[in-house]
Amino acid sequence: MAKLKTGRHTSAIKAWRKSEKLASKNRGVKIKIRDITKDFLALTAKKDLENTQKLLPKAYSLLDKAAKKGTLHWKTAARKKARLAARVAAIVKNPSVK
């Protein structure tokens, strides 16, 4: 295709449009991860083991899917999962006052 009046090539415009869509999708996934992590941390602060263990697989699933699609690096996802698991382990080890 020929250049547009703006002087930019149409392929550049299409690439920009595509990058905006992907960035929006990635932003949504990261927000979901942040929200579920925040809920998880609130439950661990209360030492609510039952609900924490119910939420853990959901958090793992979101992190794994984000890593699979390339939204997060796989090592970042693994690190976040390890930290969540460590919080659960700390509650199991010392289930003091709720």
# chains A, B, ... in the order shown; residues from 1 in each chain; ligands from 1

$ select_by_dssp --residues "chain A" --states "helix (DSSP H, G or I)" --output "PDB file with N, CA and C atoms, in the first residue's frame"
ATOM      1  N   THR A  10       1.170   2.262   6.201  1.00  0.00           N
ATOM      2  CA  THR A  10      -0.017   1.597   6.738  1.00  0.00           C
ATOM      3  C   THR A  10       0.366   0.410   7.610  1.00  0.00           C
ATOM      4  N   SER A  11       1.468  -0.259   7.298  1.00  0.00           N
ATOM      5  CA  SER A  11       1.883  -1.395   8.120  1.00  0.00           C
ATOM      6  C   SER A  11       2.233  -0.936   9.528  1.00  0.00           C
ATOM      7  N   ALA A  12       2.815   0.245   9.640  1.00  0.00           N
ATOM      8  CA  ALA A  12       3.147   0.784  10.957  1.00  0.00           C
ATOM      9  C   ALA A  12       1.876   1.093  11.736  1.00  0.00           C
ATOM     10  N   ILE A  13       0.882   1.603  11.051  1.00  0.00           N
ATOM     11  CA  ILE A  13      -0.392   1.911  11.696  1.00  0.00           C
ATOM     12  C   ILE A  13      -1.062   0.629  12.167  1.00  0.00           C
ATOM     13  N   LYS A  14      -1.033  -0.400  11.345  1.00  0.00           N
ATOM     14  CA  LYS A  14      -1.621  -1.687  11.720  1.00  0.00           C
ATOM     15  C   LYS A  14      -0.866  -2.306  12.901  1.00  0.00           C
ATOM     16  N   ALA A  15       0.456  -2.194  12.891  1.00  0.00           N
ATOM     17  CA  ALA A  15       1.261  -2.738  13.989  1.00  0.00           C
ATOM     18  C   ALA A  15       0.948  -1.999  15.280  1.00  0.00           C
ATOM     19  N   TRP A  16       0.776  -0.689  15.201  1.00  0.00           N
ATOM     20  CA  TRP A  16       0.429   0.098  16.384  1.00  0.00           C
ATOM     21  C   TRP A  16      -0.924  -0.335  16.932  1.00  0.00           C
ATOM     22  N   ARG A  17      -1.897  -0.527  16.028  1.00  0.00           N
ATOM     23  CA  ARG A  17      -3.237  -0.941  16.437  1.00  0.00           C
ATOM     24  C   ARG A  17      -3.182  -2.305  17.123  1.00  0.00           C
ATOM     25  N   LYS A  18      -2.403  -3.223  16.576  1.00  0.00           N
ATOM     26  CA  LYS A  18      -2.258  -4.553  17.155  1.00  0.00           C
ATOM     27  C   LYS A  18      -1.589  -4.491  18.521  1.00  0.00           C
ATOM     28  N   SER A  19      -0.562  -3.662  18.641  1.00  0.00           N
ATOM     29  CA  SER A  19       0.137  -3.559  19.923  1.00  0.00           C
ATOM     30  C   SER A  19      -0.766  -2.971  21.000  1.00  0.00           C
ATOM     31  N   GLU A  20      -1.640  -2.049  20.617  1.00  0.00           N
ATOM     32  CA  GLU A  20      -2.591  -1.477  21.573  1.00  0.00           C
ATOM     33  C   GLU A  20      -3.563  -2.546  22.086  1.00  0.00           C
ATOM     34  N   LYS A  21      -4.046  -3.398  21.193  1.00  0.00           N
ATOM     35  CA  LYS A  21      -4.958  -4.476  21.596  1.00  0.00           C
ATOM     36  C   LYS A  21      -4.269  -5.447  22.541  1.00  0.00           C
ATOM     37  N   LEU A  22      -3.045  -5.844  22.192  1.00  0.00           N
ATOM     38  CA  LEU A  22      -2.309  -6.795  23.032  1.00  0.00           C
ATOM     39  C   LEU A  22      -1.977  -6.190  24.394  1.00  0.00           C
ATOM     40  N   ALA A  23      -1.598  -4.929  24.398  1.00  0.00           N
ATOM     41  CA  ALA A  23      -1.271  -4.266  25.665  1.00  0.00           C
ATOM     42  C   ALA A  23      -2.504  -4.196  26.560  1.00  0.00           C
ATOM     43  N   SER A  24      -3.651  -3.947  25.956  1.00  0.00           N
ATOM     44  CA  SER A  24      -4.896  -3.880  26.720  1.00  0.00           C
ATOM     45  C   SER A  24      -5.234  -5.233  27.328  1.00  0.00           C
ATOM     46  N   LYS A  25      -5.062  -6.283  26.537  1.00  0.00           N
ATOM     47  CA  LYS A  25      -5.335  -7.634  27.022  1.00  0.00           C
ATOM     48  C   LYS A  25      -4.381  -8.009  28.156  1.00  0.00           C
ATOM     49  N   ASN A  26      -3.097  -7.698  27.973  1.00  0.00           N
ATOM     50  CA  ASN A  26      -2.101  -7.997  29.006  1.00  0.00           C
ATOM     51  C   ASN A  26      -2.390  -7.218  30.285  1.00  0.00           C
ATOM     52  N   ARG A  27      -2.808  -5.976  30.134  1.00  0.00           N
ATOM     53  CA  ARG A  27      -3.124  -5.148  31.296  1.00  0.00           C
ATOM     54  C   ARG A  27      -4.256  -5.779  32.093  1.00  0.00           C
ATOM     55  N   GLY A  28      -5.271  -6.286  31.397  1.00  0.00           N
ATOM     56  CA  GLY A  28      -6.391  -6.939  32.070  1.00  0.00           C
ATOM     57  C   GLY A  28      -5.965  -8.165  32.845  1.00  0.00           C
ATOM     58  N   VAL A  29      -5.096  -8.963  32.256  1.00  0.00           N
ATOM     59  CA  VAL A  29      -4.610 -10.179  32.919  1.00  0.00           C
ATOM     60  C   VAL A  29      -3.800  -9.815  34.159  1.00  0.00           C
ATOM     61  N   LYS A  30      -2.939  -8.811  34.030  1.00  0.00           N
ATOM     62  CA  LYS A  30      -2.110  -8.402  35.164  1.00  0.00           C
ATOM     63  C   LYS A  30      -2.954  -7.829  36.296  1.00  0.00           C
ATOM     64  N   ILE A  31      -4.016  -7.131  35.951  1.00  0.00           N
ATOM     65  CA  ILE A  31      -4.910  -6.591  36.977  1.00  0.00           C
ATOM     66  C   ILE A  31      -5.610  -7.724  37.721  1.00  0.00           C
ATOM     67  N   LYS A  32      -6.047  -8.756  36.983  1.00  0.00           N
ATOM     68  CA  LYS A  32      -6.674  -9.917  37.632  1.00  0.00           C
ATOM     69  C   LYS A  32      -5.698 -10.584  38.596  1.00  0.00           C
ATOM     70  N   ILE A  33      -4.453 -10.738  38.154  1.00  0.00           N
ATOM     71  CA  ILE A  33      -3.427 -11.356  39.008  1.00  0.00           C
ATOM     72  C   ILE A  33      -3.205 -10.508  40.253  1.00  0.00           C
ATOM     73  N   ARG A  34      -3.114  -9.201  40.067  1.00  0.00           N
ATOM     74  CA  ARG A  34      -2.900  -8.304  41.205  1.00  0.00           C
ATOM     75  C   ARG A  34      -4.061  -8.376  42.191  1.00  0.00           C
ATOM     76  N   ASP A  35      -5.294  -8.418  41.664  1.00  0.00           N
ATOM     77  CA  ASP A  35      -6.470  -8.470  42.540  1.00  0.00           C
ATOM     78  C   ASP A  35      -6.528  -9.764  43.340  1.00  0.00           C
ATOM     79  N   ILE A  36      -6.295 -10.900  42.671  1.00  0.00           N
ATOM     80  CA  ILE A  36      -6.375 -12.181  43.379  1.00  0.00           C
ATOM     81  C   ILE A  36      -5.228 -12.299  44.385  1.00  0.00           C
ATOM     82  N   THR A  37      -4.069 -11.727  44.060  1.00  0.00           N
ATOM     83  CA  THR A  37      -2.950 -11.739  44.998  1.00  0.00           C
ATOM     84  C   THR A  37      -3.279 -10.899  46.226  1.00  0.00           C
ATOM     85  N   LYS A  38      -3.912  -9.752  45.995  1.00  0.00           N
ATOM     86  CA  LYS A  38      -4.289  -8.879  47.109  1.00  0.00           C
ATOM     87  C   LYS A  38      -5.287  -9.583  48.024  1.00  0.00           C
ATOM     88  N   ASP A  39      -6.277 -10.276  47.426  1.00  0.00           N
ATOM     89  CA  ASP A  39      -7.238 -11.037  48.224  1.00  0.00           C
ATOM     90  C   ASP A  39      -6.536 -12.139  49.015  1.00  0.00           C
ATOM     91  N   PHE A  40      -5.606 -12.815  48.350  1.00  0.00           N
ATOM     92  CA  PHE A  40      -4.854 -13.897  48.973  1.00  0.00           C
ATOM     93  C   PHE A  40      -4.058 -13.381  50.174  1.00  0.00           C
ATOM     94  N   LEU A  41      -3.392 -12.239  49.999  1.00  0.00           N
ATOM     95  CA  LEU A  41      -2.584 -11.676  51.080  1.00  0.00           C
ATOM     96  C   LEU A  41      -3.459 -11.221  52.249  1.00  0.00           C
ATOM     97  N   ALA A  42      -4.648 -10.733  51.937  1.00  0.00           N
ATOM     98  CA  ALA A  42      -5.572 -10.340  53.004  1.00  0.00           C
ATOM     99  C   ALA A  42      -5.992 -11.556  53.822  1.00  0.00           C
ATOM    100  N   LEU A  43      -6.256 -12.674  53.130  1.00  0.00           N
ATOM    101  CA  LEU A  43      -6.633 -13.902  53.826  1.00  0.00           C
ATOM    102  C   LEU A  43      -5.485 -14.452  54.662  1.00  0.00           C
ATOM    103  N   THR A  44      -4.271 -14.363  54.134  1.00  0.00           N
ATOM    104  CA  THR A  44      -3.131 -14.861  54.908  1.00  0.00           C
ATOM    105  C   THR A  44      -2.868 -13.977  56.116  1.00  0.00           C
ATOM    106  N   ALA A  45      -3.151 -12.689  55.993  1.00  0.00           N
ATOM    107  CA  ALA A  45      -2.982 -11.790  57.143  1.00  0.00           C
ATOM    108  C   ALA A  45      -3.958 -12.152  58.261  1.00  0.00           C
ATOM    109  N   LYS A  46      -5.149 -12.620  57.870  1.00  0.00           N
ATOM    110  CA  LYS A  46      -6.147 -13.051  58.852  1.00  0.00           C
ATOM    111  C   LYS A  46      -5.892 -14.473  59.334  1.00  0.00           C
ATOM    112  N   LEU A  49      -6.844 -20.169  56.877  1.00  0.00           N
ATOM    113  CA  LEU A  49      -6.218 -21.245  56.103  1.00  0.00           C
ATOM    114  C   LEU A  49      -7.180 -21.869  55.099  1.00  0.00           C
ATOM    115  N   GLU A  50      -8.418 -22.081  55.500  1.00  0.00           N
ATOM    116  CA  GLU A  50      -9.389 -22.753  54.628  1.00  0.00           C
ATOM    117  C   GLU A  50      -9.613 -21.981  53.325  1.00  0.00           C
ATOM    118  N   ASN A  51      -9.928 -20.707  53.441  1.00  0.00           N
ATOM    119  CA  ASN A  51     -10.186 -19.895  52.243  1.00  0.00           C
ATOM    120  C   ASN A  51      -8.907 -19.627  51.450  1.00  0.00           C
ATOM    121  N   THR A  52      -7.796 -19.552  52.152  1.00  0.00           N
ATOM    122  CA  THR A  52      -6.520 -19.351  51.469  1.00  0.00           C
ATOM    123  C   THR A  52      -6.208 -20.538  50.568  1.00  0.00           C
ATOM    124  N   GLN A  53      -6.442 -21.743  51.085  1.00  0.00           N
ATOM    125  CA  GLN A  53      -6.167 -22.930  50.282  1.00  0.00           C
ATOM    126  C   GLN A  53      -7.145 -23.074  49.118  1.00  0.00           C
ATOM    127  N   LYS A  54      -8.339 -22.511  49.247  1.00  0.00           N
ATOM    128  CA  LYS A  54      -9.282 -22.530  48.124  1.00  0.00           C
ATOM    129  C   LYS A  54      -8.852 -21.555  47.031  1.00  0.00           C
ATOM    130  N   LEU A  55      -8.253 -20.451  47.446  1.00  0.00           N
ATOM    131  CA  LEU A  55      -7.865 -19.405  46.497  1.00  0.00           C
ATOM    132  C   LEU A  55      -6.539 -19.711  45.801  1.00  0.00           C
ATOM    133  N   LEU A  56      -5.703 -20.521  46.425  1.00  0.00           N
ATOM    134  CA  LEU A  56      -4.382 -20.818  45.878  1.00  0.00           C
ATOM    135  C   LEU A  56      -4.426 -21.423  44.470  1.00  0.00           C
ATOM    136  N   PRO A  57      -5.263 -22.454  44.205  1.00  0.00           N
ATOM    137  CA  PRO A  57      -5.296 -22.998  42.841  1.00  0.00           C
ATOM    138  C   PRO A  57      -5.755 -21.980  41.793  1.00  0.00           C
ATOM    139  N   LYS A  58      -6.645 -21.078  42.174  1.00  0.00           N
ATOM    140  CA  LYS A  58      -7.096 -20.044  41.237  1.00  0.00           C
ATOM    141  C   LYS A  58      -5.945 -19.101  40.892  1.00  0.00           C
ATOM    142  N   ALA A  59      -5.178 -18.749  41.902  1.00  0.00           N
ATOM    143  CA  ALA A  59      -4.029 -17.874  41.676  1.00  0.00           C
ATOM    144  C   ALA A  59      -2.995 -18.586  40.804  1.00  0.00           C
ATOM    145  N   TYR A  60      -2.735 -19.850  41.099  1.00  0.00           N
ATOM    146  CA  TYR A  60      -1.799 -20.635  40.286  1.00  0.00           C
ATOM    147  C   TYR A  60      -2.254 -20.674  38.834  1.00  0.00           C
ATOM    148  N   SER A  61      -3.545 -20.898  38.628  1.00  0.00           N
ATOM    149  CA  SER A  61      -4.084 -20.995  37.280  1.00  0.00           C
ATOM    150  C   SER A  61      -3.880 -19.699  36.507  1.00  0.00           C
ATOM    151  N   LEU A  62      -4.196 -18.574  37.138  1.00  0.00           N
ATOM    152  CA  LEU A  62      -4.014 -17.284  36.471  1.00  0.00           C
ATOM    153  C   LEU A  62      -2.549 -17.040  36.131  1.00  0.00           C
ATOM    154  N   LEU A  63      -1.656 -17.353  37.060  1.00  0.00           N
ATOM    155  CA  LEU A  63      -0.234 -17.140  36.810  1.00  0.00           C
ATOM    156  C   LEU A  63       0.284 -18.049  35.691  1.00  0.00           C
ATOM    157  N   ASP A  64      -0.146 -19.310  35.703  1.00  0.00           N
ATOM    158  CA  ASP A  64       0.291 -20.249  34.661  1.00  0.00           C
ATOM    159  C   ASP A  64      -0.202 -19.821  33.278  1.00  0.00           C
ATOM    160  N   LYS A  65      -1.445 -19.383  33.212  1.00  0.00           N
ATOM    161  CA  LYS A  65      -2.000 -18.937  31.925  1.00  0.00           C
ATOM    162  C   LYS A  65      -1.282 -17.689  31.417  1.00  0.00           C
ATOM    163  N   ALA A  66      -0.972 -16.777  32.330  1.00  0.00           N
ATOM    164  CA  ALA A  66      -0.261 -15.563  31.938  1.00  0.00           C
ATOM    165  C   ALA A  66       1.140 -15.900  31.420  1.00  0.00           C
ATOM    166  N   ALA A  67       1.785 -16.869  32.059  1.00  0.00           N
ATOM    167  CA  ALA A  67       3.118 -17.277  31.615  1.00  0.00           C
ATOM    168  C   ALA A  67       3.042 -17.992  30.268  1.00  0.00           C
ATOM    169  N   LYS A  68       2.021 -18.804  30.096  1.00  0.00           N
ATOM    170  CA  LYS A  68       1.861 -19.550  28.853  1.00  0.00           C
ATOM    171  C   LYS A  68       1.644 -18.621  27.660  1.00  0.00           C
ATOM    172  N   LYS A  69       0.875 -17.570  27.872  1.00  0.00           N
ATOM    173  CA  LYS A  69       0.565 -16.641  26.781  1.00  0.00           C
ATOM    174  C   LYS A  69       1.651 -15.591  26.570  1.00  0.00           C
ATOM    175  N   TRP A  74       7.963 -16.757  32.500  1.00  0.00           N
ATOM    176  CA  TRP A  74       7.663 -17.982  33.263  1.00  0.00           C
ATOM    177  C   TRP A  74       8.372 -18.005  34.612  1.00  0.00           C
ATOM    178  N   LYS A  75       9.547 -17.389  34.680  1.00  0.00           N
ATOM    179  CA  LYS A  75      10.242 -17.359  35.967  1.00  0.00           C
ATOM    180  C   LYS A  75       9.566 -16.389  36.934  1.00  0.00           C
ATOM    181  N   THR A  76       8.988 -15.331  36.416  1.00  0.00           N
ATOM    182  CA  THR A  76       8.243 -14.390  37.258  1.00  0.00           C
ATOM    183  C   THR A  76       7.029 -15.090  37.848  1.00  0.00           C
ATOM    184  N   ALA A  77       6.325 -15.836  37.001  1.00  0.00           N
ATOM    185  CA  ALA A  77       5.153 -16.576  37.468  1.00  0.00           C
ATOM    186  C   ALA A  77       5.553 -17.607  38.526  1.00  0.00           C
ATOM    187  N   ALA A  78       6.658 -18.303  38.286  1.00  0.00           N
ATOM    188  CA  ALA A  78       7.129 -19.305  39.243  1.00  0.00           C
ATOM    189  C   ALA A  78       7.504 -18.659  40.575  1.00  0.00           C
ATOM    190  N   ARG A  79       8.137 -17.494  40.520  1.00  0.00           N
ATOM    191  CA  ARG A  79       8.528 -16.797  41.743  1.00  0.00           C
ATOM    192  C   ARG A  79       7.303 -16.365  42.540  1.00  0.00           C
ATOM    193  N   LYS A  80       6.299 -15.836  41.835  1.00  0.00           N
ATOM    194  CA  LYS A  80       5.070 -15.400  42.511  1.00  0.00           C
ATOM    195  C   LYS A  80       4.346 -16.591  43.136  1.00  0.00           C
ATOM    196  N   LYS A  81       4.300 -17.713  42.423  1.00  0.00           N
ATOM    197  CA  LYS A  81       3.659 -18.917  42.955  1.00  0.00           C
ATOM    198  C   LYS A  81       4.399 -19.422  44.194  1.00  0.00           C
ATOM    199  N   ALA A  82       5.722 -19.387  44.155  1.00  0.00           N
ATOM    200  CA  ALA A  82       6.520 -19.850  45.294  1.00  0.00           C
ATOM    201  C   ALA A  82       6.270 -18.975  46.518  1.00  0.00           C
ATOM    202  N   ARG A  83       6.142 -17.681  46.297  1.00  0.00           N
ATOM    203  CA  ARG A  83       5.907 -16.772  47.418  1.00  0.00           C
ATOM    204  C   ARG A  83       4.522 -16.981  48.019  1.00  0.00           C
ATOM    205  N   LEU A  84       3.531 -17.248  47.167  1.00  0.00           N
ATOM    206  CA  LEU A  84       2.192 -17.540  47.683  1.00  0.00           C
ATOM    207  C   LEU A  84       2.206 -18.836  48.491  1.00  0.00           C
ATOM    208  N   ALA A  85       2.886 -19.844  47.963  1.00  0.00           N
ATOM    209  CA  ALA A  85       2.970 -21.130  48.657  1.00  0.00           C
ATOM    210  C   ALA A  85       3.701 -20.982  49.986  1.00  0.00           C
ATOM    211  N   ALA A  86       4.707 -20.137  50.026  1.00  0.00           N
ATOM    212  CA  ALA A  86       5.447 -19.915  51.263  1.00  0.00           C
ATOM    213  C   ALA A  86       4.547 -19.276  52.317  1.00  0.00           C
ATOM    214  N   ARG A  87       3.661 -18.396  51.894  1.00  0.00           N
ATOM    215  CA  ARG A  87       2.721 -17.785  52.843  1.00  0.00           C
ATOM    216  C   ARG A  87       1.803 -18.835  53.445  1.00  0.00           C
ATOM    217  N   VAL A  88       1.303 -19.753  52.608  1.00  0.00           N
ATOM    218  CA  VAL A  88       0.426 -20.819  53.097  1.00  0.00           C
ATOM    219  C   VAL A  88       1.208 -21.716  54.059  1.00  0.00           C
ATOM    220  N   ALA A  89       2.434 -22.045  53.692  1.00  0.00           N
ATOM    221  CA  ALA A  89       3.256 -22.902  54.543  1.00  0.00           C
ATOM    222  C   ALA A  89       3.508 -22.254  55.902  1.00  0.00           C
ATOM    223  N   ALA A  90       3.684 -20.940  55.904  1.00  0.00           N
ATOM    224  CA  ALA A  90       3.910 -20.232  57.162  1.00  0.00           C
ATOM    225  C   ALA A  90       2.677 -20.309  58.049  1.00  0.00           C
ATOM    226  N   ILE A  91       1.483 -20.239  57.449  1.00  0.00           N
ATOM    227  CA  ILE A  91       0.254 -20.344  58.233  1.00  0.00           C
ATOM    228  C   ILE A  91       0.101 -21.755  58.778  1.00  0.00           C
ATOM    229  N   VAL A  92       0.398 -22.745  57.955  1.00  0.00           N
ATOM    230  CA  VAL A  92       0.272 -24.145  58.385  1.00  0.00           C
ATOM    231  C   VAL A  92       1.249 -24.428  59.533  1.00  0.00           C
ATOM    232  N   LYS A  93       2.443 -23.872  59.435  1.00  0.00           N
ATOM    233  CA  LYS A  93       3.467 -24.105  60.443  1.00  0.00           C
ATOM    234  C   LYS A  93       3.118 -23.428  61.768  1.00  0.00           C
TER     235      LYS A  93
END

$ decode --residues "region 26-90 of chain A" --atoms "C-alpha atoms" --output "short mmCIF file (atom, residue, chain, number, x, y, z; two decimals), in the first residue's frame"
data_model
loop_
_atom_site.label_atom_id
_atom_site.label_comp_id
_atom_site.auth_asym_id
_atom_site.auth_seq_id
_atom_site.Cartn_x
_atom_site.Cartn_y
_atom_site.Cartn_z
CA ASN A 26 -2.10 -8.00 29.01
CA ARG A 27 -3.12 -5.15 31.30
CA GLY A 28 -6.39 -6.94 32.07
CA VAL A 29 -4.61 -10.18 32.92
CA LYS A 30 -2.11 -8.40 35.16
CA ILE A 31 -4.91 -6.59 36.98
CA LYS A 32 -6.67 -9.92 37.63
CA ILE A 33 -3.43 -11.36 39.01
CA ARG A 34 -2.90 -8.30 41.21
CA ASP A 35 -6.47 -8.47 42.54
CA ILE A 36 -6.37 -12.18 43.38
CA THR A 37 -2.95 -11.74 45.00
CA LYS A 38 -4.29 -8.88 47.11
CA ASP A 39 -7.24 -11.04 48.22
CA PHE A 40 -4.85 -13.90 48.97
CA LEU A 41 -2.58 -11.68 51.08
CA ALA A 42 -5.57 -10.34 53.00
CA LEU A 43 -6.63 -13.90 53.83
CA THR A 44 -3.13 -14.86 54.91
CA ALA A 45 -2.98 -11.79 57.14
CA LYS A 46 -6.15 -13.05 58.85
CA LYS A 47 -4.62 -16.55 58.98
CA ASP A 48 -7.71 -17.95 57.25
CA LEU A 49 -6.22 -21.24 56.10
CA GLU A 50 -9.39 -22.75 54.63
CA ASN A 51 -10.19 -19.90 52.24
CA THR A 52 -6.52 -19.35 51.47
CA GLN A 53 -6.17 -22.93 50.28
CA LYS A 54 -9.28 -22.53 48.12
CA LEU A 55 -7.87 -19.40 46.50
CA LEU A 56 -4.38 -20.82 45.88
CA PRO A 57 -5.30 -23.00 42.84
CA LYS A 58 -7.10 -20.04 41.24
CA ALA A 59 -4.03 -17.87 41.68
CA TYR A 60 -1.80 -20.63 40.29
CA SER A 61 -4.08 -20.99 37.28
CA LEU A 62 -4.01 -17.28 36.47
CA LEU A 63 -0.23 -17.14 36.81
CA ASP A 64 0.29 -20.25 34.66
CA LYS A 65 -2.00 -18.94 31.92
CA ALA A 66 -0.26 -15.56 31.94
CA ALA A 67 3.12 -17.28 31.62
CA LYS A 68 1.86 -19.55 28.85
CA LYS A 69 0.57 -16.64 26.78
CA GLY A 70 3.68 -14.56 27.35
CA THR A 71 2.07 -11.88 29.49
CA LEU A 72 4.45 -12.74 32.32
CA HIS A 73 7.85 -14.38 32.07
CA TRP A 74 7.66 -17.98 33.26
CA LYS A 75 10.24 -17.36 35.97
CA THR A 76 8.24 -14.39 37.26
CA ALA A 77 5.15 -16.58 37.47
CA ALA A 78 7.13 -19.31 39.24
CA ARG A 79 8.53 -16.80 41.74
CA LYS A 80 5.07 -15.40 42.51
CA LYS A 81 3.66 -18.92 42.95
CA ALA A 82 6.52 -19.85 45.29
CA ARG A 83 5.91 -16.77 47.42
CA LEU A 84 2.19 -17.54 47.68
CA ALA A 85 2.97 -21.13 48.66
CA ALA A 86 5.45 -19.91 51.26
CA ARG A 87 2.72 -17.78 52.84
CA VAL A 88 0.43 -20.82 53.10
CA ALA A 89 3.26 -22.90 54.54
CA ALA A 90 3.91 -20.23 57.16
#
